[in-house]
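Engineer: For reference, the structure I am asking about is given below.
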Amino acid sequence: MESHLAGAGEVGVLVLAGSSGRIDSARCDLLAAHGLTALSIRWFGGPGRSPGIREIPLETFVAGLDLLAEAGARRLTVLGLSKGAEAALSLACVEPRVEAVVALSPSSVVWAGFGAEPYRSSWTWRGRPLPFAPYPAEWPADGPPTSFRTFYERGLAMAPAESAIPLERSRADVVLVAGGDDQMWPSLTFARALARRRDVRLVSHSRAGHRPRLPGEPAPAPSGYYVYGGAPRTDAELGEKAWPQILGTLRGQT
């Protein structure tokens, strides 16, 4: 498994990037600097992995938790961004070892995987696909750069009830971090829907976008392909506002 492990604390954090599926070494190093053990894995693409986000076994992430436990972590947690947040929340509903989840720019439903029709779920558990929401018939055609917010709002309006992430089944402490100006998908709408299912800590900023920036992280490079919303200043303000809740919840101190 391609991965990056940093730190040696008793709290283990599985760090899941968004739809890039990349290894987020920098975020791991940031968490390690605050006394946590952080592991990021390549959860699709690369040798032995699905080439895209389509019926990814949640057991992929269970294996990451196992690695953290082998490294000495006694408290197992997950921090995910965007599609990685969707995975993190779904994992917490089926894996009782997950004691805390931090979901940055989350979804409240499981979406179809990316790929040709017929649509299939993004995730499976014990060989069975999770119920999912299909996409609207027409993809955005205005870009690049492209915003998907309206596209996902249309998809949410027709999402079947069973596609909702059943967060009430999880025992984990949950922090949701969402920007009201997220132009990739309506993460604040999603976060509020999750908060209606059970008690969570929701941190928001009306002018932040899809990529909250945690204290100590550099501003991401602008994209010529996607519209993320927000701005470097407001994204950093959201990250700074959420940071005490993130660290406290991962450590089990709140």
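Scheme for the structure tokens: letters A, B, ... for chains in order shown; per-chain residue numbers from 1; ligand numbers from 1 in order shown.
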Please identify all polymer residues within 12 Å of A:Arg128, counting only C-alpha atoms, omitting same-chain residues fewer than 2 positions from it, and present them as a short mmCIF file (atom, residue, chain, number, x, y, z; two decimals) with N, CA and C atoms, in the first residue's frame.
Structural biologist:
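Wrote part_11.cif, looks like this:
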```
data_model
loop_
_atom_site.label_atom_id
_atom_site.label_comp_id
_atom_site.auth_asym_id
_atom_site.auth_seq_id
_atom_site.Cartn_x
_atom_site.Cartn_y
_atom_site.Cartn_z
N GLU A 55 -16.91 1.69 -6.76
CA GLU A 55 -16.98 0.51 -5.89
C GLU A 55 -15.65 0.24 -5.19
N ILE A 56 -15.15 1.28 -4.51
CA ILE A 56 -13.95 1.15 -3.69
C ILE A 56 -14.34 0.45 -2.39
N PRO A 57 -13.71 -0.65 -2.02
CA PRO A 57 -14.06 -1.31 -0.76
C PRO A 57 -13.68 -0.43 0.43
N LEU A 58 -14.63 -0.25 1.34
CA LEU A 58 -14.30 0.46 2.57
C LEU A 58 -13.23 -0.28 3.37
N GLU A 59 -13.06 -1.57 3.09
CA GLU A 59 -11.98 -2.32 3.72
C GLU A 59 -10.60 -1.75 3.38
N ARG A 120 -22.59 2.98 -10.74
CA ARG A 120 -22.38 2.09 -9.60
C ARG A 120 -21.97 2.93 -8.40
N SER A 121 -22.10 2.36 -7.23
CA SER A 121 -21.77 3.08 -6.01
C SER A 121 -20.28 3.41 -5.97
N SER A 122 -19.96 4.47 -5.23
CA SER A 122 -18.55 4.78 -4.99
C SER A 122 -17.89 3.75 -4.08
N TRP A 123 -18.68 3.14 -3.17
CA TRP A 123 -18.11 2.32 -2.10
C TRP A 123 -18.84 0.98 -1.98
N THR A 124 -18.10 0.00 -1.47
CA THR A 124 -18.70 -1.27 -1.08
C THR A 124 -18.28 -1.59 0.35
N TRP A 125 -19.06 -2.47 0.98
CA TRP A 125 -18.71 -2.98 2.31
C TRP A 125 -19.05 -4.45 2.33
N ARG A 126 -18.05 -5.27 2.64
CA ARG A 126 -18.20 -6.72 2.66
C ARG A 126 -18.79 -7.24 1.36
N LEU A 130 -22.73 0.12 -1.40
CA LEU A 130 -23.55 0.99 -0.58
C LEU A 130 -24.61 1.66 -1.45
N PRO A 131 -25.84 1.84 -0.94
CA PRO A 131 -26.84 2.59 -1.70
C PRO A 131 -26.30 3.96 -2.07
N PHE A 132 -26.66 4.44 -3.26
CA PHE A 132 -26.03 5.67 -3.75
C PHE A 132 -27.03 6.53 -4.51
#
```
Engineer: Could you list, with a cut-off of 10 Å and counting only C-alpha atoms, the residues of stretch 64-167 of chain A near stretch 35-41 of chain A, each shown with its nearest atom pair and the distance in Å rounded to one decimal, rows sorted by chain and ascending number, as a tab-separated table?
Structural biologist:
```
residue	atom	partner	partner_atom	distance
A:Gly64	CA	A:Ile41	CA	7.1
A:Leu65	CA	A:Leu39	CA	8.7
A:Leu67	CA	A:Leu39	CA	8.3
A:Leu68	CA	A:Leu39	CA	7.0
A:Ala69	CA	A:Thr37	CA	9.9
A:Ala71	CA	A:Thr37	CA	8.3
A:Gly72	CA	A:Thr37	CA	8.7
A:Ala73	CA	A:Thr37	CA	7.0
A:Arg75	CA	A:Thr37	CA	9.9
A:Leu76	CA	A:Thr37	CA	9.6
A:Thr77	CA	A:Ala38	CA	9.4
A:Val78	CA	A:Ala38	CA	9.3
A:Leu79	CA	A:Ala38	CA	9.5
A:Gly80	CA	A:Ser40	CA	9.9
```
Engineer: Limited to N, CA, C and O atoms, could you put the picked residues into a file as a CSV table (one decimal), in the first residue's frame?
Structural biologist:
```
chain,number,residue,atom,x,y,z
A,64,GLY,N,-5.9,0.8,6.5
A,64,GLY,CA,-5.2,1.9,7.0
A,64,GLY,C,-5.3,2.1,8.5
A,64,GLY,O,-4.3,2.4,9.1
A,65,LEU,N,-6.4,1.8,9.0
A,65,LEU,CA,-6.6,1.8,10.5
A,65,LEU,C,-5.7,0.8,11.1
A,65,LEU,O,-5.1,1.0,12.2
A,67,LEU,N,-2.9,-0.3,10.0
A,67,LEU,CA,-1.5,0.1,10.0
A,67,LEU,C,-1.3,1.1,11.1
A,67,LEU,O,-0.2,1.1,11.7
A,68,LEU,N,-2.2,2.0,11.4
A,68,LEU,CA,-2.1,2.9,12.5
A,68,LEU,C,-2.0,2.2,13.8
A,68,LEU,O,-1.2,2.5,14.7
A,69,ALA,N,-2.8,1.2,14.0
A,69,ALA,CA,-2.8,0.4,15.2
A,69,ALA,C,-1.5,-0.3,15.4
A,69,ALA,O,-0.9,-0.4,16.5
A,71,ALA,N,1.3,0.7,14.3
A,71,ALA,CA,2.3,1.7,14.6
A,71,ALA,C,2.2,2.2,16.1
A,71,ALA,O,3.0,3.1,16.5
A,72,GLY,N,1.2,1.7,16.8
A,72,GLY,CA,1.1,2.0,18.2
A,72,GLY,C,-0.1,3.0,18.6
A,72,GLY,O,-0.2,3.3,19.8
A,73,ALA,N,-0.9,3.4,17.6
A,73,ALA,CA,-2.0,4.2,17.9
A,73,ALA,C,-3.1,3.5,18.7
A,73,ALA,O,-3.4,2.4,18.3
A,75,ARG,N,-6.0,5.3,19.8
A,75,ARG,CA,-7.3,6.0,19.4
A,75,ARG,C,-7.2,6.1,17.9
A,75,ARG,O,-6.3,6.8,17.4
A,76,LEU,N,-8.2,5.6,17.2
A,76,LEU,CA,-8.2,5.6,15.7
A,76,LEU,C,-9.3,6.6,15.2
A,76,LEU,O,-10.4,6.5,15.6
A,77,THR,N,-8.8,7.5,14.4
A,77,THR,CA,-9.7,8.6,13.9
A,77,THR,C,-9.4,8.7,12.4
A,77,THR,O,-8.5,8.2,11.8
A,78,VAL,N,-10.3,9.5,11.7
A,78,VAL,CA,-10.2,9.7,10.3
A,78,VAL,C,-10.4,11.2,10.0
A,78,VAL,O,-11.4,11.8,10.5
A,79,LEU,N,-9.6,11.7,9.1
A,79,LEU,CA,-9.8,13.1,8.6
A,79,LEU,C,-9.9,13.0,7.1
A,79,LEU,O,-8.9,12.6,6.5
A,80,GLY,N,-11.0,13.5,6.5
A,80,GLY,CA,-11.1,13.4,5.1
A,80,GLY,C,-11.6,14.7,4.5
A,80,GLY,O,-12.3,15.5,5.1
```
Engineer: Apply DSSP to the backbone of this structure and, from stretch 77-168 of chain A, keep only the residues in strand (DSSP E); write these as a ChimeraX atom specification.
Structural biologist: /A:77-81,98-104,123-125,128-129
Engineer: Could you write out that same residue set with all heavy atoms as a tab-separated table (two decimals), in the first residue's frame?
Structural biologist:
```
chain	number	residue	atom	x	y	z
A	77	THR	N	-8.81	7.50	14.39
A	77	THR	CA	-9.66	8.56	13.87
A	77	THR	C	-9.42	8.72	12.38
A	77	THR	O	-8.46	8.16	11.82
A	77	THR	CB	-9.37	9.89	14.59
A	77	THR	OG1	-8.04	10.34	14.23
A	77	THR	CG2	-9.45	9.74	16.11
A	78	VAL	N	-10.30	9.49	11.73
A	78	VAL	CA	-10.18	9.71	10.28
A	78	VAL	C	-10.43	11.18	9.99
A	78	VAL	O	-11.36	11.79	10.54
A	78	VAL	CB	-11.19	8.85	9.48
A	78	VAL	CG1	-10.88	8.92	7.98
A	78	VAL	CG2	-11.20	7.41	9.96
A	79	LEU	N	-9.62	11.74	9.11
A	79	LEU	CA	-9.82	13.10	8.61
A	79	LEU	C	-9.86	13.02	7.09
A	79	LEU	O	-8.91	12.56	6.46
A	79	LEU	CB	-8.70	14.03	9.09
A	79	LEU	CG	-8.80	15.51	8.72
A	79	LEU	CD1	-8.07	16.38	9.75
A	79	LEU	CD2	-8.24	15.81	7.32
A	80	GLY	N	-10.98	13.47	6.50
A	80	GLY	CA	-11.11	13.40	5.05
A	80	GLY	C	-11.60	14.71	4.47
A	80	GLY	O	-12.31	15.48	5.14
A	81	LEU	N	-11.22	14.96	3.23
A	81	LEU	CA	-11.63	16.15	2.50
A	81	LEU	C	-12.48	15.73	1.32
A	81	LEU	O	-12.10	14.84	0.55
A	81	LEU	CB	-10.40	16.92	2.00
A	81	LEU	CG	-10.65	18.02	0.96
A	81	LEU	CD1	-11.42	19.18	1.59
A	81	LEU	CD2	-9.34	18.52	0.35
A	98	VAL	N	-13.52	3.40	14.77
A	98	VAL	CA	-13.37	4.83	14.47
A	98	VAL	C	-13.98	5.64	15.60
A	98	VAL	O	-15.19	5.62	15.82
A	98	VAL	CB	-14.03	5.19	13.13
A	98	VAL	CG1	-13.94	6.70	12.90
A	98	VAL	CG2	-13.37	4.44	11.98
A	99	GLU	N	-13.15	6.36	16.34
A	99	GLU	CA	-13.61	7.11	17.50
A	99	GLU	C	-13.89	8.58	17.19
A	99	GLU	O	-14.58	9.25	17.96
A	99	GLU	CB	-12.61	6.99	18.64
A	99	GLU	CG	-12.44	5.56	19.14
A	99	GLU	CD	-11.71	5.48	20.46
A	99	GLU	OE1	-12.09	6.21	21.39
A	99	GLU	OE2	-10.75	4.69	20.55
A	100	ALA	N	-13.36	9.08	16.07
A	100	ALA	CA	-13.63	10.47	15.69
A	100	ALA	C	-13.45	10.61	14.19
A	100	ALA	O	-12.62	9.94	13.58
A	100	ALA	CB	-12.70	11.43	16.43
A	101	VAL	N	-14.26	11.50	13.62
A	101	VAL	CA	-14.17	11.84	12.20
A	101	VAL	C	-14.15	13.35	12.06
A	101	VAL	O	-14.97	14.04	12.66
A	101	VAL	CB	-15.36	11.27	11.40
A	101	VAL	CG1	-15.29	11.74	9.94
A	101	VAL	CG2	-15.39	9.76	11.44
A	102	VAL	N	-13.21	13.84	11.28
A	102	VAL	CA	-13.22	15.23	10.84
A	102	VAL	C	-13.48	15.22	9.35
A	102	VAL	O	-12.71	14.66	8.57
A	102	VAL	CB	-11.88	15.94	11.15
A	102	VAL	CG1	-11.87	17.34	10.54
A	102	VAL	CG2	-11.64	16.00	12.65
A	103	ALA	N	-14.61	15.82	8.94
A	103	ALA	CA	-15.02	15.82	7.54
A	103	ALA	C	-14.97	17.25	7.01
A	103	ALA	O	-15.80	18.09	7.40
A	103	ALA	CB	-16.42	15.23	7.41
A	104	LEU	N	-14.00	17.52	6.17
A	104	LEU	CA	-13.84	18.83	5.55
A	104	LEU	C	-14.60	18.83	4.22
A	104	LEU	O	-14.38	17.96	3.37
A	104	LEU	CB	-12.37	19.13	5.29
A	104	LEU	CG	-11.40	18.95	6.48
A	104	LEU	CD1	-9.96	19.24	6.02
A	104	LEU	CD2	-11.78	19.86	7.64
A	123	TRP	N	-18.68	3.14	-3.17
A	123	TRP	CA	-18.11	2.32	-2.10
A	123	TRP	C	-18.84	0.98	-1.98
A	123	TRP	O	-20.02	0.86	-2.30
A	123	TRP	CB	-18.21	3.05	-0.75
A	123	TRP	CG	-17.99	4.52	-0.82
A	123	TRP	CD1	-18.92	5.51	-0.68
A	123	TRP	CD2	-16.74	5.19	-1.08
A	123	TRP	NE1	-18.34	6.75	-0.83
A	123	TRP	CE2	-17.01	6.59	-1.08
A	123	TRP	CE3	-15.44	4.75	-1.30
A	123	TRP	CZ2	-16.02	7.54	-1.29
A	123	TRP	CZ3	-14.45	5.70	-1.51
A	123	TRP	CH2	-14.74	7.07	-1.51
A	124	THR	N	-18.10	0.00	-1.47
A	124	THR	CA	-18.70	-1.27	-1.08
A	124	THR	C	-18.28	-1.59	0.35
A	124	THR	O	-17.30	-1.06	0.87
A	124	THR	CB	-18.26	-2.43	-1.99
A	124	THR	OG1	-16.86	-2.69	-1.78
A	124	THR	CG2	-18.51	-2.13	-3.45
A	125	TRP	N	-19.06	-2.47	0.98
A	125	TRP	CA	-18.71	-2.98	2.31
A	125	TRP	C	-19.05	-4.45	2.33
A	125	TRP	O	-20.19	-4.84	2.03
A	125	TRP	CB	-19.46	-2.23	3.40
A	125	TRP	CG	-19.25	-2.76	4.79
A	125	TRP	CD1	-20.17	-3.32	5.62
A	125	TRP	CD2	-18.01	-2.77	5.52
A	125	TRP	NE1	-19.60	-3.68	6.82
A	125	TRP	CE2	-18.26	-3.35	6.79
A	125	TRP	CE3	-16.70	-2.34	5.22
A	125	TRP	CZ2	-17.26	-3.52	7.75
A	125	TRP	CZ3	-15.71	-2.51	6.19
A	125	TRP	CH2	-15.99	-3.09	7.43
A	128	ARG	N	-20.68	-5.74	-0.82
A	128	ARG	CA	-21.97	-5.23	-1.26
A	128	ARG	C	-21.88	-3.72	-1.47
A	128	ARG	O	-21.38	-2.98	-0.60
A	128	ARG	CB	-23.07	-5.54	-0.23
A	128	ARG	CG	-23.24	-7.03	0.03
A	128	ARG	CD	-24.41	-7.30	0.95
A	128	ARG	NE	-25.67	-6.89	0.34
A	128	ARG	CZ	-26.85	-7.06	0.94
A	128	ARG	NH1	-26.93	-7.60	2.16
A	128	ARG	NH2	-27.96	-6.67	0.33
A	129	PRO	N	-22.37	-3.22	-2.61
A	129	PRO	CA	-22.34	-1.78	-2.85
A	129	PRO	C	-23.21	-1.03	-1.86
A	129	PRO	O	-24.30	-1.48	-1.50
A	129	PRO	CB	-22.90	-1.65	-4.27
A	129	PRO	CG	-22.80	-3.00	-4.88
A	129	PRO	CD	-22.92	-3.97	-3.75
```
Engineer: Using only C-alpha atoms, which protein or nucleic acid residues come within 8 Å of stretch 158-171 of chain A? Drop anything in the same chain fewer than 3 positions from it, and give the result as number ranges by chain.
Structural biologist: A: 89-90, 92-94, 96, 98-99, 108-111, 130-134, 154-155, 194, 197-198
Engineer: Give the answer as one residue: which of A:Pro51, A:Gly180, A:Gly84, A:Gly224 has the shortest atom-to-atom distance to A:Leu14, using only C-alpha atoms?
Structural biologist: A:Gly84
Engineer: To one decimal place, how far is atom CA of A:Val11 from atom CA of A:Arg196 in Å?
Structural biologist: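 Pair atom CA of A:Val11 / atom CA of A:Arg196 returns 28.1 Å.
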Engineer: Which residues, written as a count of residues only, have at least one atom at most 10 Å from stretch 188-191 of chain A, with only C-alpha atoms counted and residues fewer than 2 positions away on the same chain left out?
Structural biologist: 33
Engineer: Could you list, as a short mmCIF file (atom, residue, chain, number, x, y, z; two decimals) with N, CA and C atoms, in the first residue's frame, every residue within 12 Å of A:Arg213, counting only C-alpha atoms and ignoring same-chain residues fewer than 3 positions away?
Structural biologist:
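In the end it all went to out_14.cif:
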```cif
data_model
loop_
_atom_site.label_atom_id
_atom_site.label_comp_id
_atom_site.auth_asym_id
_atom_site.auth_seq_id
_atom_site.Cartn_x
_atom_site.Cartn_y
_atom_site.Cartn_z
N ALA A 26 1.76 16.37 3.30
CA ALA A 26 1.89 17.63 4.03
C ALA A 26 0.92 17.70 5.19
N ARG A 27 -0.32 17.26 4.98
CA ARG A 27 -1.30 17.30 6.07
C ARG A 27 -0.91 16.31 7.17
N LEU A 30 1.75 17.97 9.23
CA LEU A 30 1.18 19.00 10.09
C LEU A 30 0.58 18.38 11.35
N LEU A 81 -11.22 14.96 3.23
CA LEU A 81 -11.63 16.15 2.50
C LEU A 81 -12.48 15.73 1.32
N LEU A 104 -14.00 17.52 6.17
CA LEU A 104 -13.84 18.83 5.55
C LEU A 104 -14.60 18.83 4.22
N SER A 105 -15.50 19.78 4.04
CA SER A 105 -16.32 19.88 2.83
C SER A 105 -16.99 18.54 2.52
N VAL A 177 -16.73 20.56 8.70
CA VAL A 177 -16.18 21.88 8.37
C VAL A 177 -16.61 22.20 6.94
N ALA A 178 -17.35 23.30 6.76
CA ALA A 178 -17.93 23.58 5.45
C ALA A 178 -17.98 25.07 5.17
N GLY A 179 -17.74 25.42 3.92
CA GLY A 179 -17.80 26.80 3.46
C GLY A 179 -19.08 27.07 2.69
N ALA A 208 -16.20 31.02 2.73
CA ALA A 208 -15.13 30.06 2.43
C ALA A 208 -15.59 29.09 1.34
N GLY A 209 -14.62 28.46 0.69
CA GLY A 209 -14.93 27.57 -0.42
C GLY A 209 -14.73 26.10 -0.09
N HIS A 210 -14.31 25.35 -1.09
CA HIS A 210 -14.24 23.89 -0.99
C HIS A 210 -12.99 23.40 -0.29
N GLY A 216 -0.90 26.68 9.25
CA GLY A 216 0.38 26.10 8.88
C GLY A 216 0.42 25.52 7.49
N GLU A 217 -0.74 25.42 6.83
CA GLU A 217 -0.77 24.90 5.46
C GLU A 217 -0.66 26.05 4.46
N PRO A 218 0.08 25.88 3.37
CA PRO A 218 0.15 26.92 2.35
C PRO A 218 -1.14 26.98 1.55
N ALA A 219 -1.37 28.12 0.93
CA ALA A 219 -2.53 28.25 0.06
C ALA A 219 -2.34 27.34 -1.15
N PRO A 220 -3.36 26.58 -1.53
CA PRO A 220 -3.23 25.72 -2.71
C PRO A 220 -3.12 26.54 -3.98
N GLY A 230 -14.74 30.49 -2.52
CA GLY A 230 -13.93 31.04 -1.44
C GLY A 230 -12.79 31.88 -1.95
N ALA A 231 -11.82 32.10 -1.08
CA ALA A 231 -10.62 32.88 -1.38
C ALA A 231 -9.56 32.46 -0.39
N PRO A 232 -8.28 32.68 -0.69
CA PRO A 232 -7.24 32.27 0.26
C PRO A 232 -7.49 32.77 1.68
N ARG A 233 -7.96 34.00 1.83
CA ARG A 233 -8.15 34.55 3.18
C ARG A 233 -9.32 33.85 3.88
N THR A 234 -10.46 33.72 3.22
CA THR A 234 -11.62 33.14 3.89
C THR A 234 -11.44 31.64 4.11
N ASP A 235 -10.77 30.95 3.20
CA ASP A 235 -10.50 29.52 3.41
C ASP A 235 -9.60 29.32 4.63
N ALA A 236 -8.62 30.23 4.79
CA ALA A 236 -7.75 30.16 5.96
C ALA A 236 -8.51 30.51 7.24
N GLU A 237 -9.43 31.47 7.15
CA GLU A 237 -10.23 31.83 8.33
C GLU A 237 -11.08 30.64 8.78
N LEU A 238 -11.66 29.90 7.84
CA LEU A 238 -12.44 28.72 8.20
C LEU A 238 -11.56 27.67 8.86
N GLY A 239 -10.37 27.43 8.30
CA GLY A 239 -9.46 26.46 8.89
C GLY A 239 -9.03 26.84 10.28
N GLU A 240 -8.75 28.14 10.49
CA GLU A 240 -8.33 28.61 11.81
C GLU A 240 -9.47 28.49 12.81
N LYS A 241 -10.67 28.80 12.37
CA LYS A 241 -11.85 28.70 13.25
C LYS A 241 -12.11 27.25 13.67
N ALA A 242 -11.90 26.32 12.74
CA ALA A 242 -12.17 24.91 13.02
C ALA A 242 -11.04 24.20 13.75
N TRP A 243 -9.84 24.73 13.69
CA TRP A 243 -8.65 24.03 14.17
C TRP A 243 -8.75 23.56 15.61
#
```
Engineer: What's around A:Arg42 at 9 Å? Count only C-alpha atoms, leave out sequence neighbours fewer than 2 positions away in its own chain, and write the answer as a list in words.
Structural biologist: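 That gives Met1, Glu2, Ser3, Leu16, Ala17, Gly21, Arg22, Ile23, Asp24, Ser40, Phe44, Gly45, Gly46 and Arg49 of chain A.
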Engineer: What's the 9 Å shell around A:Pro145, counting only C-alpha atoms, without same-chain residues fewer than 3 positions away, as number ranges by chain?
Structural biologist: A: 142, 223-227
Engineer: Atom CA of A:Pro215 and atom CA of A:Glu10, how far apart in Å?
Structural biologist: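 One can read the atom CA of A:Glu10 to atom CA of A:Pro215 distance as 22.0 Å.
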